[in-house]
Amino acid sequence: MQTAIVTGAAQGIGRGIVTRLRQDGWRVAALDLDAEALAELPEDPHLLTVECDVGDEDAVARAMTRVGDWLQGAGLDLLVSNAGIANPVSGPIERLSLSDWRAWQDSHVTGAFLVVRACVPLLRKAQGCIVTMASTRALQSEPDCEAYAAAKGALLSMTHALAVSLGPDIRANCILPGWIETGPWQKAANRSDPDHGTRDKAQHPVGRVGRVDDIAGLVAWLASDQAGFVTGQRFVVDGGMTTKMIYAE
């Protein structure tokens, strides 16, 4: 049975990835900072839930001790680094505090670094792969998103560096989601099922807003033998939104 670690695993895209991997027969360690959301994941002998702040070095070390015991000497086939502050809007740059800036970078970039560093020996053992979760905001922006955009851009660059440094033993690829509706995949207290209007759908050449399954399916493919010749790449999953020219009305 193949094994995976998913960070930011209890809600949103992360939860969808965990669900897809379990459906495909993977053993999954789900790491997340939100204990309430973790508790809502289904009880499953092949699913390990671990409360962890990936931006905290000691917390990552404790989590990896639990994961190591759970693996019982097996290697790791897949690491999905998905954790990070989800809100892209940090406010005007002139009012952005250093502590808030660091919170965005720690949750996305430092967290990815700490978890990847801890997982490399396990990934080497299994000839596994890494998938990082950036965003189309690594390529384009709206106002007041500097902290988020910087973090996602760093993840994109970090991933192609990992592919070169860790190959051929470990592959590394980066997914850049666009507008993905995560409302149905939140914990019960925050769950929603928005009804997107015609204008929302028309922004996308495919004619709809993205679904969590769109990202989870790509993760499953990148982790498969079919993607064995794919590393150091970025995959924009946005329904074509970033390729469509938009003029002011």
# chains A, B, ... in the order shown; residues from 1 in each chain; ligands from 1

$ select_by_dssp --residues "stretch 18-204 of chain A" --states "helix (DSSP H, G or I)" --output "ChimeraX atom specification"
/A:18-23,35-39,57-71,93-95,98-126,136-138,146-166,183-185,188-190,198-202

$ residues_around --residues "stretch 124-139 of chain A" --least-positions-apart "4" --cutoff "9 Å" --atoms "only C-alpha atoms" --output "JSON, numbers by chain"
{"A": [74, 75, 76, 77, 78, 79, 80, 81, 82, 83, 88, 108, 112, 116, 119, 120, 145, 148, 149, 150, 151, 152, 153, 154, 155, 156, 159, 162, 163, 166, 168, 169, 170, 171, 172, 173, 174, 175, 176, 177, 178, 179, 219, 222, 223, 231, 236, 237, 238, 242]}

$ write_last_selection --atoms "C-alpha atoms" --output "PDB file, in the first residue's frame"
ATOM      1  CA  ALA A  74       8.316   1.975   5.258  1.00  0.00           C
ATOM      2  CA  GLY A  75       9.259   4.780   2.912  1.00  0.00           C
ATOM      3  CA  LEU A  76       7.043   7.662   1.798  1.00  0.00           C
ATOM      4  CA  ASP A  77       5.624   7.668  -1.723  1.00  0.00           C
ATOM      5  CA  LEU A  78       4.121  11.157  -1.744  1.00  0.00           C
ATOM      6  CA  LEU A  79       4.315  14.442   0.127  1.00  0.00           C
ATOM      7  CA  VAL A  80       1.680  17.063  -0.668  1.00  0.00           C
ATOM      8  CA  SER A  81       2.689  20.412   0.806  1.00  0.00           C
ATOM      9  CA  ASN A  82      -0.661  22.174   0.821  1.00  0.00           C
ATOM     10  CA  ALA A  83      -0.748  24.045   4.152  1.00  0.00           C
ATOM     11  CA  PRO A  88      -4.829  36.059  -0.036  1.00  0.00           C
ATOM     12  CA  HIS A 108       3.445  28.523   3.161  1.00  0.00           C
ATOM     13  CA  ALA A 112       7.041  23.563   3.024  1.00  0.00           C
ATOM     14  CA  VAL A 116      10.191  18.596   2.873  1.00  0.00           C
ATOM     15  CA  CYS A 119      10.509  13.861   4.576  1.00  0.00           C
ATOM     16  CA  VAL A 120      13.428  13.605   2.140  1.00  0.00           C
ATOM     17  CA  CYS A 145      -2.002  40.509  -1.906  1.00  0.00           C
ATOM     18  CA  TYR A 148       0.347  35.805  -0.328  1.00  0.00           C
ATOM     19  CA  ALA A 149       1.741  36.330  -3.831  1.00  0.00           C
ATOM     20  CA  ALA A 150       5.306  36.359  -2.518  1.00  0.00           C
ATOM     21  CA  ALA A 151       4.744  33.117  -0.618  1.00  0.00           C
ATOM     22  CA  LYS A 152       3.168  31.343  -3.584  1.00  0.00           C
ATOM     23  CA  GLY A 153       5.881  32.600  -5.935  1.00  0.00           C
ATOM     24  CA  ALA A 154       8.514  31.270  -3.557  1.00  0.00           C
ATOM     25  CA  LEU A 155       6.850  27.847  -3.520  1.00  0.00           C
ATOM     26  CA  LEU A 156       6.906  27.752  -7.310  1.00  0.00           C
ATOM     27  CA  THR A 159       9.751  23.337  -6.376  1.00  0.00           C
ATOM     28  CA  LEU A 162      13.874  20.638  -5.401  1.00  0.00           C
ATOM     29  CA  ALA A 163      13.390  18.763  -8.665  1.00  0.00           C
ATOM     30  CA  LEU A 166      16.598  15.683  -5.365  1.00  0.00           C
ATOM     31  CA  PRO A 168      16.534  11.302  -9.915  1.00  0.00           C
ATOM     32  CA  ASP A 169      15.419   9.761  -6.609  1.00  0.00           C
ATOM     33  CA  ILE A 170      12.567  12.199  -5.940  1.00  0.00           C
ATOM     34  CA  ARG A 171      10.338  14.087  -8.385  1.00  0.00           C
ATOM     35  CA  ALA A 172       8.852  17.496  -7.478  1.00  0.00           C
ATOM     36  CA  ASN A 173       6.054  19.384  -9.198  1.00  0.00           C
ATOM     37  CA  CYS A 174       3.920  22.415  -8.385  1.00  0.00           C
ATOM     38  CA  ILE A 175       0.189  22.950  -8.863  1.00  0.00           C
ATOM     39  CA  LEU A 176      -1.183  26.476  -9.303  1.00  0.00           C
ATOM     40  CA  PRO A 177      -4.946  26.394  -8.649  1.00  0.00           C
ATOM     41  CA  GLY A 178      -7.151  29.214  -9.845  1.00  0.00           C
ATOM     42  CA  TRP A 179     -10.673  29.755  -8.528  1.00  0.00           C
ATOM     43  CA  VAL A 219      -2.247  15.118  -7.558  1.00  0.00           C
ATOM     44  CA  LEU A 222       1.450  13.271 -10.563  1.00  0.00           C
ATOM     45  CA  ALA A 223       1.958  10.598  -7.897  1.00  0.00           C
ATOM     46  CA  THR A 231       9.410  16.787 -12.667  1.00  0.00           C
ATOM     47  CA  VAL A 236      -1.934  25.850 -13.851  1.00  0.00           C
ATOM     48  CA  VAL A 237      -5.418  24.523 -13.074  1.00  0.00           C
ATOM     49  CA  ASP A 238      -7.755  27.474 -13.546  1.00  0.00           C
ATOM     50  CA  THR A 242      -5.383  33.271 -16.806  1.00  0.00           C
TER      51      THR A 242
END

$ closest_residue --among "A:Pro205, A:Pro194, A:Gly8, A:Pro143" --to "A:Leu33" --atoms "only C-alpha atoms"
A:Gly8

$ select_by_dssp --residues "stretch 31-214 of chain A" --states "strand (DSSP E)" --output "compact mmCIF listing (two decimals) with N, CA, C and O atoms, in the first residue's frame"
# COMPACT_ATOMS: atom_id res chain seq x y z
N LEU A 31 -1.97 16.11 8.14
CA LEU A 31 -1.47 17.10 9.09
C LEU A 31 -2.24 18.39 8.93
O LEU A 31 -2.46 18.87 7.80
N ASP A 32 -2.65 18.98 10.04
CA ASP A 32 -3.38 20.23 9.99
C ASP A 32 -3.30 20.93 11.33
O ASP A 32 -3.17 20.27 12.38
N LEU A 47 -5.84 6.02 7.92
CA LEU A 47 -5.74 7.48 7.95
C LEU A 47 -5.24 7.92 9.32
O LEU A 47 -5.90 7.68 10.33
N LEU A 48 -4.07 8.56 9.35
CA LEU A 48 -3.51 9.09 10.58
C LEU A 48 -3.72 10.59 10.59
O LEU A 48 -3.34 11.29 9.65
N THR A 49 -4.33 11.12 11.65
CA THR A 49 -4.53 12.57 11.77
C THR A 49 -3.56 13.12 12.82
O THR A 49 -3.46 12.58 13.92
N VAL A 50 -2.88 14.20 12.46
CA VAL A 50 -1.86 14.78 13.33
C VAL A 50 -2.04 16.29 13.36
O VAL A 50 -1.98 16.95 12.31
N GLU A 51 -2.25 16.84 14.56
CA GLU A 51 -2.32 18.29 14.69
C GLU A 51 -0.91 18.85 14.61
O GLU A 51 -0.01 18.43 15.34
N LEU A 78 4.62 9.85 -1.32
CA LEU A 78 4.12 11.16 -1.74
C LEU A 78 4.05 12.11 -0.57
O LEU A 78 3.55 11.76 0.50
N LEU A 79 4.53 13.33 -0.79
CA LEU A 79 4.32 14.44 0.13
C LEU A 79 3.58 15.53 -0.63
O LEU A 79 4.05 16.00 -1.68
N VAL A 80 2.42 15.94 -0.11
CA VAL A 80 1.68 17.06 -0.67
C VAL A 80 1.78 18.22 0.32
O VAL A 80 1.19 18.17 1.41
N SER A 81 2.53 19.24 -0.05
CA SER A 81 2.69 20.41 0.81
C SER A 81 1.61 21.42 0.42
O SER A 81 1.77 22.22 -0.52
N CYS A 129 7.62 11.21 -4.48
CA CYS A 129 7.51 12.50 -5.16
C CYS A 129 6.89 13.54 -4.22
O CYS A 129 6.25 13.21 -3.23
N ILE A 130 7.11 14.79 -4.59
CA ILE A 130 6.61 15.95 -3.85
C ILE A 130 5.68 16.73 -4.76
O ILE A 130 5.97 16.95 -5.94
N VAL A 131 4.55 17.16 -4.22
CA VAL A 131 3.66 18.09 -4.91
C VAL A 131 3.45 19.28 -3.99
O VAL A 131 3.02 19.12 -2.84
N THR A 132 3.81 20.47 -4.46
CA THR A 132 3.56 21.69 -3.69
C THR A 132 2.35 22.40 -4.28
O THR A 132 2.03 22.26 -5.46
N MET A 133 1.68 23.17 -3.43
CA MET A 133 0.46 23.86 -3.84
C MET A 133 0.71 25.37 -3.83
O MET A 133 0.74 26.00 -2.77
N ARG A 171 10.90 13.09 -7.47
CA ARG A 171 10.34 14.09 -8.38
C ARG A 171 9.61 15.17 -7.59
O ARG A 171 9.11 14.91 -6.49
N ALA A 172 9.55 16.39 -8.14
CA ALA A 172 8.85 17.50 -7.48
C ALA A 172 8.13 18.33 -8.52
O ALA A 172 8.74 18.75 -9.51
N ASN A 173 6.86 18.57 -8.29
CA ASN A 173 6.05 19.38 -9.20
C ASN A 173 5.15 20.32 -8.40
O ASN A 173 4.89 20.09 -7.21
N CYS A 174 4.70 21.37 -9.06
CA CYS A 174 3.92 22.42 -8.39
C CYS A 174 2.59 22.62 -9.10
O CYS A 174 2.55 22.73 -10.33
N ILE A 175 1.52 22.67 -8.33
CA ILE A 175 0.19 22.95 -8.86
C ILE A 175 -0.19 24.38 -8.51
O ILE A 175 0.00 24.83 -7.38
N LEU A 176 -0.74 25.09 -9.49
CA LEU A 176 -1.18 26.48 -9.30
C LEU A 176 -2.70 26.54 -9.53
O LEU A 176 -3.16 26.75 -10.64
N PRO A 177 -3.49 26.32 -8.47
CA PRO A 177 -4.95 26.39 -8.65
C PRO A 177 -5.41 27.82 -8.90
O PRO A 177 -4.83 28.79 -8.40
N ILE A 180 -10.96 27.81 -7.14
CA ILE A 180 -11.46 26.50 -6.76
C ILE A 180 -12.46 26.68 -5.62
O ILE A 180 -12.12 27.24 -4.58
N GLU A 181 -13.68 26.22 -5.81
CA GLU A 181 -14.70 26.35 -4.78
C GLU A 181 -14.48 25.28 -3.70
O GLU A 181 -14.63 24.09 -3.95
N GLY A 210 -13.83 26.12 -10.63
CA GLY A 210 -13.11 24.88 -10.34
C GLY A 210 -13.65 24.15 -9.14
O GLY A 210 -14.26 24.73 -8.23
N ARG A 211 -13.43 22.83 -9.14
CA ARG A 211 -13.83 21.97 -8.04
C ARG A 211 -12.59 21.36 -7.39
O ARG A 211 -11.56 21.18 -8.04

$ residues_around --residues "stretch 13-15 of chain A" --least-positions-apart "2" --cutoff "8 Å" --atoms "only C-alpha atoms" --output "list in words"
Val6, Thr7, Gly8, Ala9, Ala10, Gln11, Ile17, Val18, Thr19, Asn82, Ala83, Thr182, Trp185, Val212, Ile215 and Ala216 of chain A

$ write_last_selection --atoms "C-alpha atoms" --output "PDB file, in the first residue's frame"
ATOM      1  CA  VAL A   6      -0.770  15.774   3.134  1.00  0.00           C
ATOM      2  CA  THR A   7      -0.416  19.076   4.996  1.00  0.00           C
ATOM      3  CA  GLY A   8      -3.332  21.444   5.400  1.00  0.00           C
ATOM      4  CA  ALA A   9      -5.314  18.242   5.078  1.00  0.00           C
ATOM      5  CA  ALA A  10      -8.463  18.804   7.115  1.00  0.00           C
ATOM      6  CA  GLN A  11     -10.301  21.320   4.928  1.00  0.00           C
ATOM      7  CA  ILE A  17      -6.744  15.254  -1.802  1.00  0.00           C
ATOM      8  CA  VAL A  18      -6.921  13.050   1.297  1.00  0.00           C
ATOM      9  CA  THR A  19     -10.318  11.741   0.176  1.00  0.00           C
ATOM     10  CA  ASN A  82      -0.661  22.174   0.821  1.00  0.00           C
ATOM     11  CA  ALA A  83      -0.748  24.045   4.152  1.00  0.00           C
ATOM     12  CA  THR A 182     -13.804  24.829  -1.409  1.00  0.00           C
ATOM     13  CA  TRP A 185     -14.992  20.842   1.870  1.00  0.00           C
ATOM     14  CA  VAL A 212     -11.599  20.415  -5.399  1.00  0.00           C
ATOM     15  CA  ILE A 215      -6.882  19.433  -8.064  1.00  0.00           C
ATOM     16  CA  ALA A 216      -7.078  16.068  -6.312  1.00  0.00           C
TER      17      ALA A 216
END

$ atom_distance --atom1 "atom CA of A:Arg208" --atom2 "atom CA of A:Gly239"
7.5 Å

$ residues_around --residues "A:Ala61" --least-positions-apart "4" --cutoff "9 Å" --atoms "only C-alpha atoms" --output "PyMOL selection string"
chain A and resi 56-57+65-66+114-115+118

$ decode --residues "stretch 111-126 of chain A" --atoms "all heavy atoms" --output "tab-separated table (two decimals), in the first residue's frame"
chain	number	residue	atom	x	y	z
A	111	GLY	N	6.89	26.41	6.15
A	111	GLY	CA	6.23	25.14	6.38
A	111	GLY	C	6.62	24.10	5.34
A	111	GLY	O	6.91	22.94	5.67
A	112	ALA	N	6.64	24.49	4.08
A	112	ALA	CA	7.04	23.56	3.02
A	112	ALA	C	8.48	23.12	3.22
A	112	ALA	O	8.81	21.94	3.09
A	112	ALA	CB	6.86	24.21	1.66
A	113	PHE	N	9.36	24.07	3.54
A	113	PHE	CA	10.76	23.74	3.77
A	113	PHE	C	10.92	22.73	4.91
A	113	PHE	O	11.61	21.71	4.77
A	113	PHE	CB	11.56	25.01	4.08
A	113	PHE	CG	12.82	24.77	4.85
A	113	PHE	CD1	13.89	24.09	4.29
A	113	PHE	CD2	12.94	25.21	6.17
A	113	PHE	CE1	15.06	23.85	5.01
A	113	PHE	CE2	14.09	24.98	6.90
A	113	PHE	CZ	15.16	24.30	6.31
A	114	LEU	N	10.27	22.99	6.03
A	114	LEU	CA	10.44	22.12	7.20
A	114	LEU	C	9.92	20.71	6.94
A	114	LEU	O	10.56	19.72	7.32
A	114	LEU	CB	9.73	22.74	8.41
A	114	LEU	CG	10.35	24.01	9.00
A	114	LEU	CD1	9.44	24.60	10.06
A	114	LEU	CD2	11.73	23.72	9.58
A	115	VAL	N	8.77	20.62	6.28
A	115	VAL	CA	8.20	19.30	6.04
A	115	VAL	C	8.99	18.56	4.97
A	115	VAL	O	9.27	17.36	5.10
A	115	VAL	CB	6.71	19.43	5.65
A	115	VAL	CG1	6.14	18.06	5.29
A	115	VAL	CG2	5.91	20.04	6.81
A	116	VAL	N	9.38	19.25	3.91
A	116	VAL	CA	10.19	18.60	2.87
A	116	VAL	C	11.50	18.10	3.47
A	116	VAL	O	11.92	16.96	3.23
A	116	VAL	CB	10.45	19.56	1.70
A	116	VAL	CG1	11.54	19.00	0.79
A	116	VAL	CG2	9.18	19.80	0.90
A	117	ARG	N	12.16	18.96	4.23
A	117	ARG	CA	13.44	18.57	4.83
A	117	ARG	C	13.29	17.31	5.67
A	117	ARG	O	14.12	16.39	5.59
A	117	ARG	CB	13.98	19.71	5.70
A	117	ARG	CG	15.34	19.43	6.30
A	117	ARG	CD	15.83	20.58	7.15
A	117	ARG	NE	15.04	20.75	8.37
A	117	ARG	CZ	15.30	21.66	9.30
A	117	ARG	NH1	16.31	22.50	9.16
A	117	ARG	NH2	14.52	21.76	10.38
A	118	ALA	N	12.22	17.23	6.44
A	118	ALA	CA	12.01	16.07	7.29
A	118	ALA	C	11.66	14.81	6.50
A	118	ALA	O	11.97	13.69	6.92
A	118	ALA	CB	10.90	16.38	8.30
A	119	CYS	N	11.01	15.01	5.34
A	119	CYS	CA	10.51	13.86	4.58
A	119	CYS	C	11.49	13.31	3.55
A	119	CYS	O	11.28	12.19	3.06
A	119	CYS	CB	9.21	14.25	3.87
A	119	CYS	SG	7.79	14.42	4.96
A	120	VAL	N	12.53	14.05	3.21
A	120	VAL	CA	13.43	13.61	2.14
A	120	VAL	C	13.98	12.20	2.37
A	120	VAL	O	13.97	11.37	1.44
A	120	VAL	CB	14.56	14.63	1.91
A	120	VAL	CG1	15.72	14.02	1.14
A	120	VAL	CG2	14.01	15.83	1.13
A	121	PRO	N	14.46	11.86	3.57
A	121	PRO	CA	14.97	10.48	3.74
A	121	PRO	C	13.90	9.42	3.48
A	121	PRO	O	14.19	8.38	2.87
A	121	PRO	CB	15.43	10.46	5.21
A	121	PRO	CG	15.73	11.88	5.54
A	121	PRO	CD	14.70	12.67	4.78
A	122	LEU	N	12.68	9.68	3.89
A	122	LEU	CA	11.59	8.74	3.66
A	122	LEU	C	11.21	8.67	2.18
A	122	LEU	O	10.90	7.61	1.64
A	122	LEU	CB	10.37	9.12	4.48
A	122	LEU	CG	10.52	9.07	6.01
A	122	LEU	CD1	9.32	9.72	6.69
A	122	LEU	CD2	10.70	7.64	6.47
A	123	LEU	N	11.23	9.82	1.51
A	123	LEU	CA	10.92	9.87	0.09
A	123	LEU	C	11.99	9.16	-0.73
A	123	LEU	O	11.68	8.46	-1.70
A	123	LEU	CB	10.77	11.32	-0.37
A	123	LEU	CG	9.52	12.06	0.12
A	123	LEU	CD1	9.68	13.57	-0.03
A	123	LEU	CD2	8.28	11.59	-0.66
A	124	ARG	N	13.24	9.34	-0.36
A	124	ARG	CA	14.33	8.64	-1.07
A	124	ARG	C	14.15	7.13	-0.96
A	124	ARG	O	14.38	6.40	-1.93
A	124	ARG	CB	15.68	9.03	-0.48
A	124	ARG	CG	16.19	10.40	-0.86
A	124	ARG	CD	17.68	10.51	-0.53
A	124	ARG	NE	18.13	11.90	-0.54
A	124	ARG	CZ	18.43	12.58	-1.64
A	124	ARG	NH1	18.32	11.99	-2.81
A	124	ARG	NH2	18.83	13.83	-1.55
A	125	LYS	N	13.75	6.69	0.19
A	125	LYS	CA	13.60	5.25	0.44
A	125	LYS	C	12.58	4.63	-0.51
A	125	LYS	O	12.73	3.48	-0.95
A	125	LYS	CB	13.18	5.03	1.89
A	125	LYS	CG	13.22	3.59	2.35
A	125	LYS	CD	13.02	3.52	3.86
A	125	LYS	CE	13.17	2.09	4.36
A	125	LYS	NZ	13.03	2.01	5.84
A	126	ALA	N	11.54	5.38	-0.83
A	126	ALA	CA	10.46	4.87	-1.68
A	126	ALA	C	10.53	5.38	-3.11
A	126	ALA	O	9.66	5.06	-3.92
A	126	ALA	CB	9.11	5.22	-1.07
